[in-house]
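So the structure is just underneath, and the comments pick up after that.
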Amino acid sequence: MAQANSKSNDPVESAREFLAGVLDRMDIDADIEIFEKEDKVVLDIDCDDVDRVIGRRGQVMEALQHLVSKISYRDRGAGSSKPILVDADGYREKQIDKLVALAERMADRALDDQEIVELNPMSSHDRRVVHMALADFDGVSTRSEGEGEDRHVLIVPDSLADE
């Protein structure tokens with residue numbers, strides 16, 4: 001497994017090396033592959049202990065993502081191109097699919113009941129997925145509300161948009 005002790009000029013490789021070092025300290029033997037996607041770079045973790053990497057409700061994965069985001073922001077600066085996303089065993093893609101389905105169900109509920117639907121607090125990444133999923137959904141708009149860990153998405157029927 002790669003160690004995080006070499007200094008690379010490539011911010012993506014630096015992030016991969018940093019992540020490998022964190023996983024090594026967690027006593028997780030893993031390979032990390034880099035995938036370039038249209039709008040992001042994915043650091044995909046391949047290991048036998050994927051449940052430990054993901055954690056309960058994705059909390060370990062979110063912590064790893066937070067650390068990698070901080071490192072990549074430091075190394076690449078504010079004007080960087082593609083964000084770096086940490087994934088393992090397709091977890092992120094599965095979560096995105098679940099979030100999109102939830103967003104669409106809740107948008108339908110908001111329209112049917114003509115009431116604002118408040119989603120549970122979620123990470124900035126998950127809130128962004130919901131906002132993007134409903135950006136072209138007729139009859140509703142979304143907005144984030146709250147502070148810190150209590151920040152959540154509101155799905156607002158157009159008839160109540162001024163509230």
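Naming works like this for the structure tokens: A, B, ... for the chains as they're shown, residue 1 at the start of each chain, ligands 1 onward in shown order.
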Q | Contacts of segment 146-163 of chain A at 6 Å (only C-alpha atoms; same-chain gap of 5+ positions) as an MDAnalysis selection string | A | chainID A and resid 110:111 116:122 139:141
Keeping C-alpha atoms, export the residues of the selection given above as a PDB file, in the first residue's frame.
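So result_9.pdb came out as:
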```
ATOM      1  CA  ALA A 110     -44.948  18.932  -1.126  1.00  0.00           C
ATOM      2  CA  LEU A 111     -47.025  19.364  -4.287  1.00  0.00           C
ATOM      3  CA  ILE A 116     -43.248  22.912   2.718  1.00  0.00           C
ATOM      4  CA  VAL A 117     -41.411  19.627   3.316  1.00  0.00           C
ATOM      5  CA  GLU A 118     -38.400  19.784   5.633  1.00  0.00           C
ATOM      6  CA  LEU A 119     -35.764  17.087   5.129  1.00  0.00           C
ATOM      7  CA  ASN A 120     -33.517  15.799   7.901  1.00  0.00           C
ATOM      8  CA  PRO A 121     -30.141  17.502   8.377  1.00  0.00           C
ATOM      9  CA  MET A 122     -27.526  16.309   5.900  1.00  0.00           C
ATOM     10  CA  GLY A 139     -43.747  23.136  -9.221  1.00  0.00           C
ATOM     11  CA  VAL A 140     -41.169  23.215  -6.427  1.00  0.00           C
ATOM     12  CA  SER A 141     -38.004  24.991  -5.400  1.00  0.00           C
TER      13      SER A 141
END
```
Q: Based on DSSP run over this structure's backbone, return all residues of segment 5-163 of chain A in alpha helix (DSSP H), as a ChimeraX atom specification.
A: /A:11-25,50-54,59-76,91-113,124-134
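The interatomic distance for the pair atom CA of Ile96 of chain A and atom CA of Glu145 of chain A works out to 20.6 Å.
Counting only C-alpha atoms and comparing A:Arg109, A:Arg143, A:Arg74, A:Arg16, the residue that lies closest to Ile45 of chain A is A:Arg16.
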Q) If you count only C-alpha atoms, which residues fall within 8 Å of segment 62-67 of chain A, apart from same-chain ones fewer than 6 positions away, as a list in words? A) Leu19, Leu85 and Val86 of chain A
Q. Can you tell me, as an MDAnalysis selection string, what residues are no more than 12 Å from Arg57 of chain A when counting only C-alpha atoms, ignoring any on the same chain fewer than 2 positions away?
A. chainID A and resid 51:55 59:63 91:92 95 122:123
Q: Extract the full set of strand (DSSP E or B) residues from segment 9-146 of chain A according to DSSP on the backbone, and format it as an NGL selection string.
A: :A and (30-36 or 41-47 or 84-88 or 117-118 or 140-145)
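Closest to Ser72 of chain A among A:Val41, A:Val130, A:Ala135, A:Ala103 is A:Val41, based on only C-alpha atoms.
Using only C-alpha atoms, the contacts of Val100 of chain A at a cut-off of 12 Å, with sequence neighbours closer than 4 positions omitted, comprise Glu93, Lys94, Gln95, Ile96, Glu104, Arg105, Met106, Ala107, Asp126, Arg127, Arg128, Val129, Val130, His131, Met132, Ala133, Leu134, Ala135 and Phe137 of chain A.
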Residue selection dump (N, CA and C atoms) as a PDB file, in the first residue's frame:
```pdb
ATOM      1  N   GLU A  93     -22.417   6.459  -5.150  1.00  0.00           N
ATOM      2  CA  GLU A  93     -23.396   6.369  -6.236  1.00  0.00           C
ATOM      3  C   GLU A  93     -24.724   5.822  -5.717  1.00  0.00           C
ATOM      4  N   LYS A  94     -24.652   4.818  -4.839  1.00  0.00           N
ATOM      5  CA  LYS A  94     -25.867   4.262  -4.236  1.00  0.00           C
ATOM      6  C   LYS A  94     -26.574   5.315  -3.391  1.00  0.00           C
ATOM      7  N   GLN A  95     -25.801   6.083  -2.625  1.00  0.00           N
ATOM      8  CA  GLN A  95     -26.380   7.135  -1.794  1.00  0.00           C
ATOM      9  C   GLN A  95     -27.019   8.222  -2.646  1.00  0.00           C
ATOM     10  N   ILE A  96     -26.364   8.583  -3.743  1.00  0.00           N
ATOM     11  CA  ILE A  96     -26.920   9.600  -4.635  1.00  0.00           C
ATOM     12  C   ILE A  96     -28.251   9.120  -5.193  1.00  0.00           C
ATOM     13  N   GLU A 104     -37.345  13.309  -4.913  1.00  0.00           N
ATOM     14  CA  GLU A 104     -38.505  13.284  -5.809  1.00  0.00           C
ATOM     15  C   GLU A 104     -39.780  12.898  -5.066  1.00  0.00           C
ATOM     16  N   ARG A 105     -39.690  11.923  -4.147  1.00  0.00           N
ATOM     17  CA  ARG A 105     -40.866  11.553  -3.337  1.00  0.00           C
ATOM     18  C   ARG A 105     -41.336  12.723  -2.485  1.00  0.00           C
ATOM     19  N   MET A 106     -40.385  13.417  -1.859  1.00  0.00           N
ATOM     20  CA  MET A 106     -40.746  14.537  -0.993  1.00  0.00           C
ATOM     21  C   MET A 106     -41.266  15.727  -1.804  1.00  0.00           C
ATOM     22  N   ALA A 107     -40.764  15.909  -3.016  1.00  0.00           N
ATOM     23  CA  ALA A 107     -41.285  16.967  -3.889  1.00  0.00           C
ATOM     24  C   ALA A 107     -42.727  16.656  -4.271  1.00  0.00           C
ATOM     25  N   ASP A 126     -24.707  16.069   0.290  1.00  0.00           N
ATOM     26  CA  ASP A 126     -26.045  15.508   0.132  1.00  0.00           C
ATOM     27  C   ASP A 126     -27.075  16.595  -0.161  1.00  0.00           C
ATOM     28  N   ARG A 127     -26.944  17.750   0.495  1.00  0.00           N
ATOM     29  CA  ARG A 127     -27.862  18.861   0.195  1.00  0.00           C
ATOM     30  C   ARG A 127     -27.731  19.275  -1.260  1.00  0.00           C
ATOM     31  N   ARG A 128     -26.509  19.328  -1.752  1.00  0.00           N
ATOM     32  CA  ARG A 128     -26.279  19.703  -3.155  1.00  0.00           C
ATOM     33  C   ARG A 128     -26.938  18.705  -4.099  1.00  0.00           C
ATOM     34  N   VAL A 129     -26.852  17.419  -3.776  1.00  0.00           N
ATOM     35  CA  VAL A 129     -27.500  16.384  -4.595  1.00  0.00           C
ATOM     36  C   VAL A 129     -29.004  16.635  -4.655  1.00  0.00           C
ATOM     37  N   VAL A 130     -29.619  16.943  -3.511  1.00  0.00           N
ATOM     38  CA  VAL A 130     -31.062  17.208  -3.471  1.00  0.00           C
ATOM     39  C   VAL A 130     -31.399  18.444  -4.297  1.00  0.00           C
ATOM     40  N   HIS A 131     -30.647  19.526  -4.102  1.00  0.00           N
ATOM     41  CA  HIS A 131     -30.904  20.751  -4.875  1.00  0.00           C
ATOM     42  C   HIS A 131     -30.814  20.480  -6.374  1.00  0.00           C
ATOM     43  N   MET A 132     -29.791  19.761  -6.788  1.00  0.00           N
ATOM     44  CA  MET A 132     -29.612  19.483  -8.215  1.00  0.00           C
ATOM     45  C   MET A 132     -30.698  18.548  -8.746  1.00  0.00           C
ATOM     46  N   ALA A 133     -31.112  17.577  -7.935  1.00  0.00           N
ATOM     47  CA  ALA A 133     -32.148  16.630  -8.358  1.00  0.00           C
ATOM     48  C   ALA A 133     -33.473  17.333  -8.610  1.00  0.00           C
ATOM     49  N   LEU A 134     -33.736  18.389  -7.853  1.00  0.00           N
ATOM     50  CA  LEU A 134     -35.028  19.075  -7.974  1.00  0.00           C
ATOM     51  C   LEU A 134     -34.945  20.383  -8.749  1.00  0.00           C
ATOM     52  N   ALA A 135     -33.786  20.703  -9.283  1.00  0.00           N
ATOM     53  CA  ALA A 135     -33.619  21.970 -10.010  1.00  0.00           C
ATOM     54  C   ALA A 135     -34.594  22.094 -11.177  1.00  0.00           C
ATOM     55  N   PHE A 137     -37.406  20.152 -11.440  1.00  0.00           N
ATOM     56  CA  PHE A 137     -38.664  19.520 -11.026  1.00  0.00           C
ATOM     57  C   PHE A 137     -39.748  20.592 -11.018  1.00  0.00           C
TER      58      PHE A 137
END
```
Q. Neighbours of Asp48 of chain A within 9 Å (only C-alpha atoms; same-chain residues fewer than 4 positions away dropped), as a PyMOL selection string?
A. chain A and resi 28-30
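What separates atom CA of Asp31 of chain A from atom CA of Leu43 of chain A is a distance of 9.8 Å.
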